[in-house]
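Dropping structure34.cif in here (mmCIF, C-alpha atoms; chains and numbers go by the auth columns):
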```cif
data_final
#
loop_
_atom_site.group_PDB
_atom_site.id
_atom_site.type_symbol
_atom_site.label_atom_id
_atom_site.label_comp_id
_atom_site.label_asym_id
_atom_site.label_seq_id
_atom_site.Cartn_x
_atom_site.Cartn_y
_atom_site.Cartn_z
_atom_site.B_iso_or_equiv
_atom_site.auth_seq_id
_atom_site.auth_asym_id
ATOM 1 C CA MET A 1 -16.339 1.779 23.277 0.00 11 H
ATOM 2 C CA SER A 2 -19.731 3.065 22.137 0.00 12 H
ATOM 3 C CA PRO A 3 -19.983 3.820 18.406 0.00 13 H
ATOM 4 C CA PRO A 4 -19.859 7.444 17.255 0.00 14 H
ATOM 5 C CA PRO A 5 -23.116 9.004 16.016 0.00 15 H
ATOM 6 C CA PRO A 6 -24.317 8.913 12.390 0.00 16 H
ATOM 7 C CA ILE A 7 -23.325 11.701 9.986 0.00 17 H
ATOM 8 C CA GLN A 8 -25.622 13.423 7.497 0.00 18 H
ATOM 9 C CA VAL A 9 -24.009 14.740 4.300 0.00 19 H
ATOM 10 C CA GLU A 10 -26.535 16.657 2.192 0.00 20 H
ATOM 11 C CA THR A 11 -29.517 14.248 2.112 0.00 21 H
ATOM 12 C CA VAL A 12 -27.410 11.132 2.772 0.00 22 H
ATOM 13 C CA VAL A 13 -27.285 9.703 6.296 0.00 23 H
ATOM 14 C CA PHE A 14 -24.344 7.427 7.046 0.00 24 H
ATOM 15 C CA PRO A 15 -25.163 5.102 9.985 0.00 25 H
ATOM 16 C CA SER A 16 -22.720 4.781 12.858 0.00 26 H
ATOM 17 C CA THR A 17 -22.016 1.080 12.165 0.00 27 H
ATOM 18 C CA VAL A 18 -22.348 -1.280 9.200 0.00 28 H
ATOM 19 C CA LYS A 19 -21.627 -4.895 8.229 0.00 29 H
ATOM 20 C CA PRO A 20 -20.579 -4.654 4.574 0.00 30 H
ATOM 21 C CA PRO A 21 -20.383 -7.223 1.774 0.00 31 H
ATOM 22 C CA GLY A 22 -17.161 -9.236 1.785 0.00 32 H
ATOM 23 C CA SER A 23 -16.690 -9.101 5.559 0.00 33 H
ATOM 24 C CA THR A 24 -18.128 -10.624 8.730 0.00 34 H
ATOM 25 C CA ASN A 25 -16.916 -7.740 10.901 0.00 35 H
ATOM 26 C CA THR A 26 -18.692 -4.664 12.246 0.00 36 H
ATOM 27 C CA PHE A 27 -17.329 -1.339 11.031 0.00 37 H
ATOM 28 C CA LEU A 28 -17.456 2.060 12.745 0.00 38 H
ATOM 29 C CA LEU A 29 -18.103 5.269 10.822 0.00 39 H
ATOM 30 C CA GLY A 30 -14.747 7.058 10.825 0.00 40 H
ATOM 31 C CA GLY A 31 -15.818 10.132 8.887 0.00 41 H
ATOM 32 C CA ALA A 32 -17.872 11.449 5.970 0.00 42 H
ATOM 33 C CA GLY A 33 -18.009 14.388 3.587 0.00 43 H
ATOM 34 C CA VAL A 34 -18.786 15.573 0.076 0.00 44 H
ATOM 35 C CA ARG A 35 -16.705 15.219 -3.052 0.00 45 H
ATOM 36 C CA GLY A 36 -17.094 18.081 -5.473 0.00 46 H
ATOM 37 C CA LEU A 37 -15.366 20.336 -7.953 0.00 47 H
ATOM 38 C CA ASP A 38 -15.230 24.051 -8.607 0.00 48 H
ATOM 39 C CA ILE A 39 -16.859 24.534 -11.996 0.00 49 H
ATOM 40 C CA GLN A 40 -16.958 28.097 -13.354 0.00 50 H
ATOM 41 C CA GLY A 41 -16.747 29.540 -9.858 0.00 51 H
ATOM 42 C CA LYS A 42 -19.392 27.270 -8.345 0.00 52 H
ATOM 43 C CA PHE A 43 -18.705 24.292 -6.070 0.00 53 H
ATOM 44 C CA VAL A 44 -20.646 21.386 -7.583 0.00 54 H
ATOM 45 C CA LYS A 45 -21.225 18.410 -5.247 0.00 55 H
ATOM 46 C CA PHE A 46 -21.127 15.030 -6.986 0.00 56 H
ATOM 47 C CA THR A 47 -21.018 12.428 -4.215 0.00 57 H
ATOM 48 C CA ALA A 48 -21.274 11.950 -0.457 0.00 58 H
ATOM 49 C CA ILE A 49 -18.569 9.649 0.925 0.00 59 H
ATOM 50 C CA GLY A 50 -18.574 7.725 4.196 0.00 60 H
ATOM 51 C CA VAL A 51 -15.389 5.981 5.357 0.00 61 H
ATOM 52 C CA TYR A 52 -15.786 3.119 7.817 0.00 62 H
ATOM 53 C CA LEU A 53 -13.080 1.248 9.733 0.00 63 H
ATOM 54 C CA GLU A 54 -13.110 -2.196 11.282 0.00 64 H
ATOM 55 C CA ASP A 55 -13.862 -1.797 14.985 0.00 65 H
ATOM 56 C CA THR A 56 -10.314 -2.860 15.934 0.00 66 H
ATOM 57 C CA ALA A 57 -8.790 0.055 13.980 0.00 67 H
ATOM 58 C CA VAL A 58 -8.822 2.616 16.805 0.00 68 H
ATOM 59 C CA GLY A 59 -6.878 0.311 19.097 0.00 69 H
ATOM 60 C CA THR A 60 -4.429 -0.488 16.300 0.00 70 H
ATOM 61 C CA ILE A 61 -3.503 3.134 15.555 0.00 71 H
ATOM 62 C CA ALA A 62 -3.851 4.439 19.123 0.00 72 H
ATOM 63 C CA ALA A 63 -0.249 3.852 20.202 0.00 73 H
ATOM 64 C CA LYS A 64 1.091 6.166 17.517 0.00 74 H
ATOM 65 C CA TRP A 65 -1.636 8.808 17.338 0.00 75 H
ATOM 66 C CA LYS A 66 -3.463 8.984 20.694 0.00 76 H
ATOM 67 C CA ASP A 67 -1.535 12.067 21.879 0.00 77 H
ATOM 68 C CA LYS A 68 -2.302 14.135 18.773 0.00 78 H
ATOM 69 C CA THR A 69 -5.088 16.680 18.473 0.00 79 H
ATOM 70 C CA SER A 70 -7.629 16.491 15.660 0.00 80 H
ATOM 71 C CA ALA A 71 -5.894 19.460 14.000 0.00 81 H
ATOM 72 C CA GLU A 72 -2.534 17.678 14.149 0.00 82 H
ATOM 73 C CA LEU A 73 -4.072 14.528 12.669 0.00 83 H
ATOM 74 C CA ALA A 74 -5.661 16.540 9.855 0.00 84 H
ATOM 75 C CA ASP A 75 -2.265 17.999 8.930 0.00 85 H
ATOM 76 C CA SER A 76 -0.473 14.636 8.924 0.00 86 H
ATOM 77 C CA VAL A 77 -0.043 12.720 5.663 0.00 87 H
ATOM 78 C CA ASP A 78 1.243 9.771 7.705 0.00 88 H
ATOM 79 C CA PHE A 79 -1.979 9.586 9.729 0.00 89 H
ATOM 80 C CA TYR A 80 -4.087 9.055 6.624 0.00 90 H
ATOM 81 C CA SER A 81 -1.487 6.684 5.201 0.00 91 H
ATOM 82 C CA ASP A 82 -1.723 4.584 8.370 0.00 92 H
ATOM 83 C CA ILE A 83 -5.483 4.325 7.841 0.00 93 H
ATOM 84 C CA VAL A 84 -5.093 3.363 4.181 0.00 94 H
ATOM 85 C CA THR A 85 -2.399 0.743 4.808 0.00 95 H
ATOM 86 C CA GLY A 86 -3.386 -0.368 8.330 0.00 96 H
ATOM 87 C CA PRO A 87 -3.858 -4.098 9.120 0.00 97 H
ATOM 88 C CA PHE A 88 -7.632 -3.799 9.434 0.00 98 H
ATOM 89 C CA GLU A 89 -10.543 -3.751 7.025 0.00 99 H
ATOM 90 C CA LYS A 90 -12.041 -0.565 5.612 0.00 100 H
ATOM 91 C CA PHE A 91 -15.385 0.088 3.963 0.00 101 H
ATOM 92 C CA THR A 92 -16.144 3.092 1.768 0.00 102 H
ATOM 93 C CA ASN A 93 -19.666 4.149 0.789 0.00 103 H
ATOM 94 C CA VAL A 94 -19.844 6.534 -2.183 0.00 104 H
ATOM 95 C CA THR A 95 -23.430 7.758 -2.620 0.00 105 H
ATOM 96 C CA MET A 96 -24.483 9.846 -5.590 0.00 106 H
ATOM 97 C CA ILE A 97 -25.713 13.405 -5.219 0.00 107 H
ATOM 98 C CA LEU A 98 -25.713 13.902 -9.009 0.00 108 H
ATOM 99 C CA HIS A 99 -26.167 11.235 -11.674 0.00 109 H
ATOM 100 C CA LEU A 100 -22.918 9.614 -12.832 0.00 110 H
ATOM 101 C CA THR A 101 -22.308 6.826 -15.308 0.00 111 H
ATOM 102 C CA GLY A 102 -20.133 3.902 -14.326 0.00 112 H
ATOM 103 C CA GLN A 103 -17.674 4.925 -17.000 0.00 113 H
ATOM 104 C CA GLN A 104 -17.428 8.504 -15.700 0.00 114 H
ATOM 105 C CA TYR A 105 -16.829 7.352 -12.154 0.00 115 H
ATOM 106 C CA SER A 106 -14.426 4.484 -12.825 0.00 116 H
ATOM 107 C CA GLU A 107 -12.256 6.379 -15.300 0.00 117 H
ATOM 108 C CA LYS A 108 -11.717 9.183 -12.781 0.00 118 H
ATOM 109 C CA VAL A 109 -10.855 6.701 -10.020 0.00 119 H
ATOM 110 C CA VAL A 110 -8.368 4.903 -12.286 0.00 120 H
ATOM 111 C CA GLU A 111 -6.834 8.235 -13.301 0.00 121 H
ATOM 112 C CA ASN A 112 -6.318 9.190 -9.646 0.00 122 H
ATOM 113 C CA CYS A 113 -4.997 5.752 -8.667 0.00 123 H
ATOM 114 C CA THR A 114 -2.552 5.664 -11.571 0.00 124 H
ATOM 115 C CA ALA A 115 -1.232 9.134 -10.727 0.00 125 H
ATOM 116 C CA TYR A 116 -0.687 7.968 -7.129 0.00 126 H
ATOM 117 C CA TRP A 117 1.133 4.782 -8.172 0.00 127 H
ATOM 118 C CA LYS A 118 3.399 6.645 -10.553 0.00 128 H
ATOM 119 C CA SER A 119 4.222 9.190 -7.844 0.00 129 H
ATOM 120 C CA ILE A 120 5.466 6.393 -5.538 0.00 130 H
ATOM 121 C CA GLY A 121 7.016 4.282 -8.311 0.00 131 H
ATOM 122 C CA LYS A 122 4.679 1.304 -7.935 0.00 132 H
ATOM 123 C CA PHE A 123 2.802 1.171 -11.230 0.00 133 H
ATOM 124 C CA THR A 124 3.381 -2.312 -12.654 0.00 134 H
ATOM 125 C CA GLU A 125 1.683 -4.660 -15.100 0.00 135 H
ATOM 126 C CA SER A 126 -0.264 -6.122 -12.187 0.00 136 H
ATOM 127 C CA GLU A 127 -1.810 -2.725 -11.385 0.00 137 H
ATOM 128 C CA ALA A 128 -2.543 -2.094 -15.063 0.00 138 H
ATOM 129 C CA GLU A 129 -4.436 -5.397 -15.251 0.00 139 H
ATOM 130 C CA ALA A 130 -6.323 -4.621 -12.044 0.00 140 H
ATOM 131 C CA THR A 131 -7.484 -1.248 -13.375 0.00 141 H
ATOM 132 C CA GLU A 132 -8.757 -2.919 -16.550 0.00 142 H
ATOM 133 C CA LYS A 133 -10.846 -5.262 -14.394 0.00 143 H
ATOM 134 C CA PHE A 134 -12.055 -2.271 -12.371 0.00 144 H
ATOM 135 C CA LEU A 135 -13.171 -0.407 -15.499 0.00 145 H
ATOM 136 C CA GLU A 136 -14.957 -3.521 -16.773 0.00 146 H
ATOM 137 C CA VAL A 137 -17.005 -3.864 -13.567 0.00 147 H
ATOM 138 C CA PHE A 138 -18.385 -0.333 -14.004 0.00 148 H
ATOM 139 C CA LYS A 139 -18.674 -0.243 -17.795 0.00 149 H
ATOM 140 C CA ASN A 140 -22.442 -0.711 -18.138 0.00 150 H
ATOM 141 C CA GLU A 141 -23.547 0.767 -14.824 0.00 151 H
ATOM 142 C CA GLN A 142 -25.629 3.889 -14.200 0.00 152 H
ATOM 143 C CA PHE A 143 -25.722 5.642 -10.819 0.00 153 H
ATOM 144 C CA PRO A 144 -28.679 8.000 -10.321 0.00 154 H
ATOM 145 C CA PRO A 145 -28.897 10.199 -7.218 0.00 155 H
ATOM 146 C CA GLY A 146 -29.254 8.089 -4.068 0.00 156 H
ATOM 147 C CA SER A 147 -27.511 5.035 -5.488 0.00 157 H
ATOM 148 C CA SER A 148 -24.218 3.902 -3.996 0.00 158 H
ATOM 149 C CA ILE A 149 -20.887 2.353 -4.873 0.00 159 H
ATOM 150 C CA LEU A 150 -19.484 0.311 -1.999 0.00 160 H
ATOM 151 C CA PHE A 151 -15.874 -0.770 -1.511 0.00 161 H
ATOM 152 C CA THR A 152 -14.743 -3.287 1.111 0.00 162 H
ATOM 153 C CA GLN A 153 -10.965 -3.163 1.396 0.00 163 H
ATOM 154 C CA SER A 154 -9.161 -6.086 2.993 0.00 164 H
ATOM 155 C CA PRO A 155 -5.599 -5.795 4.362 0.00 165 H
ATOM 156 C CA THR A 156 -4.862 -9.086 2.588 0.00 166 H
ATOM 157 C CA GLY A 157 -5.304 -7.314 -0.745 0.00 167 H
ATOM 158 C CA SER A 158 -8.841 -7.881 -1.996 0.00 168 H
ATOM 159 C CA LEU A 159 -11.159 -5.095 -3.140 0.00 169 H
ATOM 160 C CA THR A 160 -14.828 -6.079 -2.948 0.00 170 H
ATOM 161 C CA ILE A 161 -17.090 -3.887 -5.103 0.00 171 H
ATOM 162 C CA SER A 162 -20.855 -3.724 -4.552 0.00 172 H
ATOM 163 C CA PHE A 163 -23.689 -1.557 -5.829 0.00 173 H
ATOM 164 C CA SER A 164 -26.819 -0.363 -4.041 0.00 174 H
ATOM 165 C CA ARG A 165 -29.762 1.404 -5.642 0.00 175 H
ATOM 166 C CA ASP A 166 -31.654 2.372 -2.489 0.00 176 H
ATOM 167 C CA GLY A 167 -29.134 3.032 0.270 0.00 177 H
ATOM 168 C CA SER A 168 -29.281 -0.508 1.640 0.00 178 H
ATOM 169 C CA ILE A 169 -26.225 -2.742 2.080 0.00 179 H
ATOM 170 C CA PRO A 170 -26.416 -5.660 -0.411 0.00 180 H
ATOM 171 C CA GLU A 171 -25.622 -9.202 0.688 0.00 181 H
ATOM 172 C CA THR A 172 -23.697 -10.084 -2.460 0.00 182 H
ATOM 173 C CA ALA A 173 -20.872 -8.293 -4.259 0.00 183 H
ATOM 174 C CA ALA A 174 -20.666 -7.275 -7.905 0.00 184 H
ATOM 175 C CA ALA A 175 -16.977 -8.205 -8.102 0.00 185 H
ATOM 176 C CA VAL A 176 -13.838 -8.942 -6.122 0.00 186 H
ATOM 177 C CA ILE A 177 -10.459 -7.798 -7.461 0.00 187 H
ATOM 178 C CA GLU A 178 -7.350 -9.283 -5.861 0.00 188 H
ATOM 179 C CA ASN A 179 -4.783 -6.500 -5.952 0.00 189 H
ATOM 180 C CA LYS A 180 -3.472 -4.892 -2.764 0.00 190 H
ATOM 181 C CA GLN A 181 -2.194 -1.771 -4.517 0.00 191 H
ATOM 182 C CA LEU A 182 -5.599 -1.097 -6.089 0.00 192 H
ATOM 183 C CA SER A 183 -7.467 -1.803 -2.855 0.00 193 H
ATOM 184 C CA GLU A 184 -5.330 0.752 -1.011 0.00 194 H
ATOM 185 C CA ALA A 185 -5.217 3.279 -3.859 0.00 195 H
ATOM 186 C CA VAL A 186 -9.017 3.578 -4.045 0.00 196 H
ATOM 187 C CA LEU A 187 -9.092 4.810 -0.436 0.00 197 H
ATOM 188 C CA GLU A 188 -5.866 6.798 -0.883 0.00 198 H
ATOM 189 C CA SER A 189 -7.522 8.675 -3.755 0.00 199 H
ATOM 190 C CA ILE A 190 -10.257 9.809 -1.336 0.00 200 H
ATOM 191 C CA ILE A 191 -8.399 10.594 1.909 0.00 201 H
ATOM 192 C CA GLY A 192 -4.703 10.561 0.959 0.00 202 H
ATOM 193 C CA LYS A 193 -2.310 13.428 0.296 0.00 203 H
ATOM 194 C CA ASN A 194 -4.236 14.534 -2.807 0.00 204 H
ATOM 195 C CA GLY A 195 -7.564 13.054 -1.746 0.00 205 H
ATOM 196 C CA VAL A 196 -10.686 14.142 -3.593 0.00 206 H
ATOM 197 C CA SER A 197 -12.725 14.750 -0.413 0.00 207 H
ATOM 198 C CA PRO A 198 -11.099 17.239 1.984 0.00 208 H
ATOM 199 C CA ALA A 199 -14.386 17.231 3.912 0.00 209 H
ATOM 200 C CA ALA A 200 -14.180 13.476 4.552 0.00 210 H
ATOM 201 C CA LYS A 201 -10.517 13.843 5.558 0.00 211 H
ATOM 202 C CA LYS A 202 -11.341 16.537 8.121 0.00 212 H
ATOM 203 C CA SER A 203 -14.259 14.509 9.434 0.00 213 H
ATOM 204 C CA LEU A 204 -11.983 11.483 9.906 0.00 214 H
ATOM 205 C CA ALA A 205 -9.433 13.533 11.836 0.00 215 H
ATOM 206 C CA ASP A 206 -12.125 15.119 14.029 0.00 216 H
ATOM 207 C CA ARG A 207 -13.929 11.895 14.881 0.00 217 H
ATOM 208 C CA LEU A 208 -10.885 9.647 15.229 0.00 218 H
ATOM 209 C CA GLY A 209 -9.158 12.318 17.297 0.00 219 H
ATOM 210 C CA GLY A 210 -12.071 12.113 19.731 0.00 220 H
ATOM 211 C CA LEU A 211 -12.140 8.307 19.717 0.00 221 H
ATOM 212 C CA LEU A 212 -8.378 8.099 20.256 0.00 222 H
ATOM 213 C CA ALA A 213 -8.556 10.520 23.184 0.00 223 H
ATOM 214 C CA HIS A 214 -11.438 8.510 24.625 0.00 224 H
ATOM 215 C CA SER A 215 -9.502 5.256 24.249 0.00 225 H
ATOM 216 C CA GLU A 216 -6.589 6.853 26.141 0.00 226 H
ATOM 217 C CA ILE A 217 -8.923 7.856 28.999 0.00 227 H
ATOM 218 C CA GLU A 218 -10.354 4.310 29.122 0.00 228 H
ATOM 219 C CA THR A 219 -6.818 2.881 29.237 0.00 229 H
ATOM 220 C CA THR A 220 -5.664 5.102 32.089 0.00 230 H
ATOM 221 C CA THR A 221 -8.806 4.571 34.166 0.00 231 H
ATOM 222 C CA SER A 222 -9.134 0.800 33.692 0.00 232 H
#
```
Please lay out the structure from this file as C-alpha cells.
Amino acid sequence: MSPPPPIQVETVVFPSTVKPPGSTNTFLLGGAGVRGLDIQGKFVKFTAIGVYLEDTAVGTIAAKWKDKTSAELADSVDFYSDIVTGPFEKFTNVTMILHLTGQQYSEKVVENCTAYWKSIGKFTESEAEATEKFLEVFKNEQFPPGSSILFTQSPTGSLTISFSRDGSIPETAAAVIENKQLSEAVLESIIGKNGVSPAAKKSLADRLGGLLAHSEIETTTS
C-alpha cells in the first residue's frame, strides 16, 4: 500500500511517513488538523496536530471497519476508541501555532485525561502518579511557534515524550512514562469522544476510510 500524501495545517506540513523516537517502525499519517478555542467570538488556533499510525494499523482495523464510509467512521465513537486502544503503535505530533509554556500545555492535557479517566471509572493512584511525572517533564519548557511536542504511544503501555524546536524528529526522547492509561488518554483527549481537535478527527475518518476501502479492493483482487 502506498502511503497517503502529506497534509498541510496552517504553515505546518506533516509528512506522509515518519520514524519517531521510541520506535523502530515506520508510521503512516492517519490525519491532521488544528486545535483551537472560541475566545470572545473568534476561533483562536493554538496547535496543529498530526496523528500517525504504525503501518500495520490499517490491516488490523480493516476487518471491523472496511465496509464503513468516512462519514460513518466520523460518527462512530468506537472507531476512534479502536485507534486509541489498538494493538499497534501511534505517534502524535503537536506543533505550536501560538506560543505555549510547558505548564500551560501539560496542565490542560492532565485536566482532559483526568476527566476522561473519571468518566470511565479508571482514575487510580497509578494514574495520579503518572500525571505528576507528566507535569514534571513539561515544567520548565517553552514552546514557541514552530516547535513541537511528540508522543510515541506503545500498546505495551509506554508513553515516549520528545521535543523538537525546528520541525525535525529528534533521535532521543525527553522522557518515557510507563502507564498504559496515560499513554492512551493523551491520544483519547485529542481524537476521542470529547477530543480537542474535531478537525484531526474528521481528517482521520476521511483518510482511513479511503485506505480501508483501498485495502478491501486489494484483498478482493489479489
Distance cut-off 8 Å, centre (-20.8, -7.1, -8.9) in file coordinates, counting all atoms listed in the file: which residues qualify? Return them as an NGL selection string.
:H and (147 or 171-173 or 182-186)
Skip H:Val23 itself and residues of its chain fewer than 5 positions away, then list as an MDAnalysis selection string all residues within 10 Å of it, counting all atoms listed in the file.
chainID H and resid 16:18 42 58 60 105 177
Residues matched by the PyMOL selection byres ((chain H and resi 19) around 12), written as JSON, numbers by chain:
{"H": [16, 17, 18, 20, 21, 22, 23, 24, 25, 41, 42, 43, 44, 45, 55, 56, 57, 58, 59, 60, 103, 104, 105, 106, 107, 156, 209, 210, 213]}
Between atom CA of H:Ile201 and atom CA of H:Leu222 - distance in Å to one decimal
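So the two atoms, atom CA of H:Leu222 and atom CA of H:Ile201, lie 18.5 Å apart.
Of the listed residues H:Ala84, H:Lys143, H:Val120, H:Gln163, the one whose atoms come nearest to H:Pro208 is H:Ala84, with distances taken using only C-alpha atoms.
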Residue nearest H:Ser158 - candidates H:Leu192, H:Leu214, H:Ile179, H:Leu83, atoms counted: only C-alpha atoms
H:Ile179
Within 8 Å of H:Cys123 using only C-alpha atoms, minus same-chain residues under 6 positions, as a list in words:
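With the cut-off at 8 Å, the set is Leu192, Ala195, Val196, Glu198 and Ser199 of chain H.
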Using atom CA of H:Ser26 and atom CA of H:Leu39 as the two end points, give the distance in Å to one decimal.
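Atom-to-atom, atom CA of H:Ser26 and atom CA of H:Leu39 are spaced 5.1 Å apart.
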The distance between atom CA of H:Leu160 and atom CA of H:Glu137 is 20.2 Å
With distances taken over all atoms listed in the file, which of H:Ser129, H:Thr111, H:Thr141, H:Ser91 is nearest to H:Ile159?
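That would be H:Thr111, the residue with the smallest distance to H:Ile159.
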Explicit residues for the PyMOL selection byres ((chain H and resi 96) around 10) (as a VMD selection string)
chain H and resid 63 67 70 to 71 90 to 95 97 to 100 164 to 165 194
The PyMOL selection byres ((chain H and resi 110) around 10) on the file shown: which residues, as number ranges by chain?
H: 56-57, 106-109, 111-116, 151-155, 157
Using all atoms listed in the file, which protein or nucleic acid residues come within 6 Å of H:Phe37? Drop anything in the same chain fewer than 6 positions from it, and give the result as a PDB file with C-alpha atoms, in the frame of the given file.
```
ATOM      1  CA  THR H  27     -22.016   1.080  12.165  1.00  0.00           C
ATOM      2  CA  VAL H  28     -22.348  -1.280   9.200  1.00  0.00           C
ATOM      3  CA  TYR H  62     -15.786   3.119   7.817  1.00  0.00           C
ATOM      4  CA  LEU H  63     -13.080   1.248   9.733  1.00  0.00           C
ATOM      5  CA  GLU H  64     -13.110  -2.196  11.282  1.00  0.00           C
ATOM      6  CA  ASP H  65     -13.862  -1.797  14.985  1.00  0.00           C
TER       7      ASP H  65
END
```
Of the residues H:Asn204, H:Asn150, H:Thr124, H:Gln50, which is the one nearest to H:Gln191, using all atoms listed in the file?
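Closest to H:Gln191, using all atoms listed in the file: H:Thr124.
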Which residue is closest to H:Glu142? Choose from H:Asn189, H:Thr36, H:Thr102, H:Thr166 and count all atoms listed in the file.
H:Asn189
Within 10 Å of H:Val68, counting all atoms listed in the file, which residues show up once you throw out same-chain ones fewer than 6 positions away? Write them as a PyMOL selection string, please.
chain H and resi 11+38+40+75-76+93+98+218-219+221-222+225
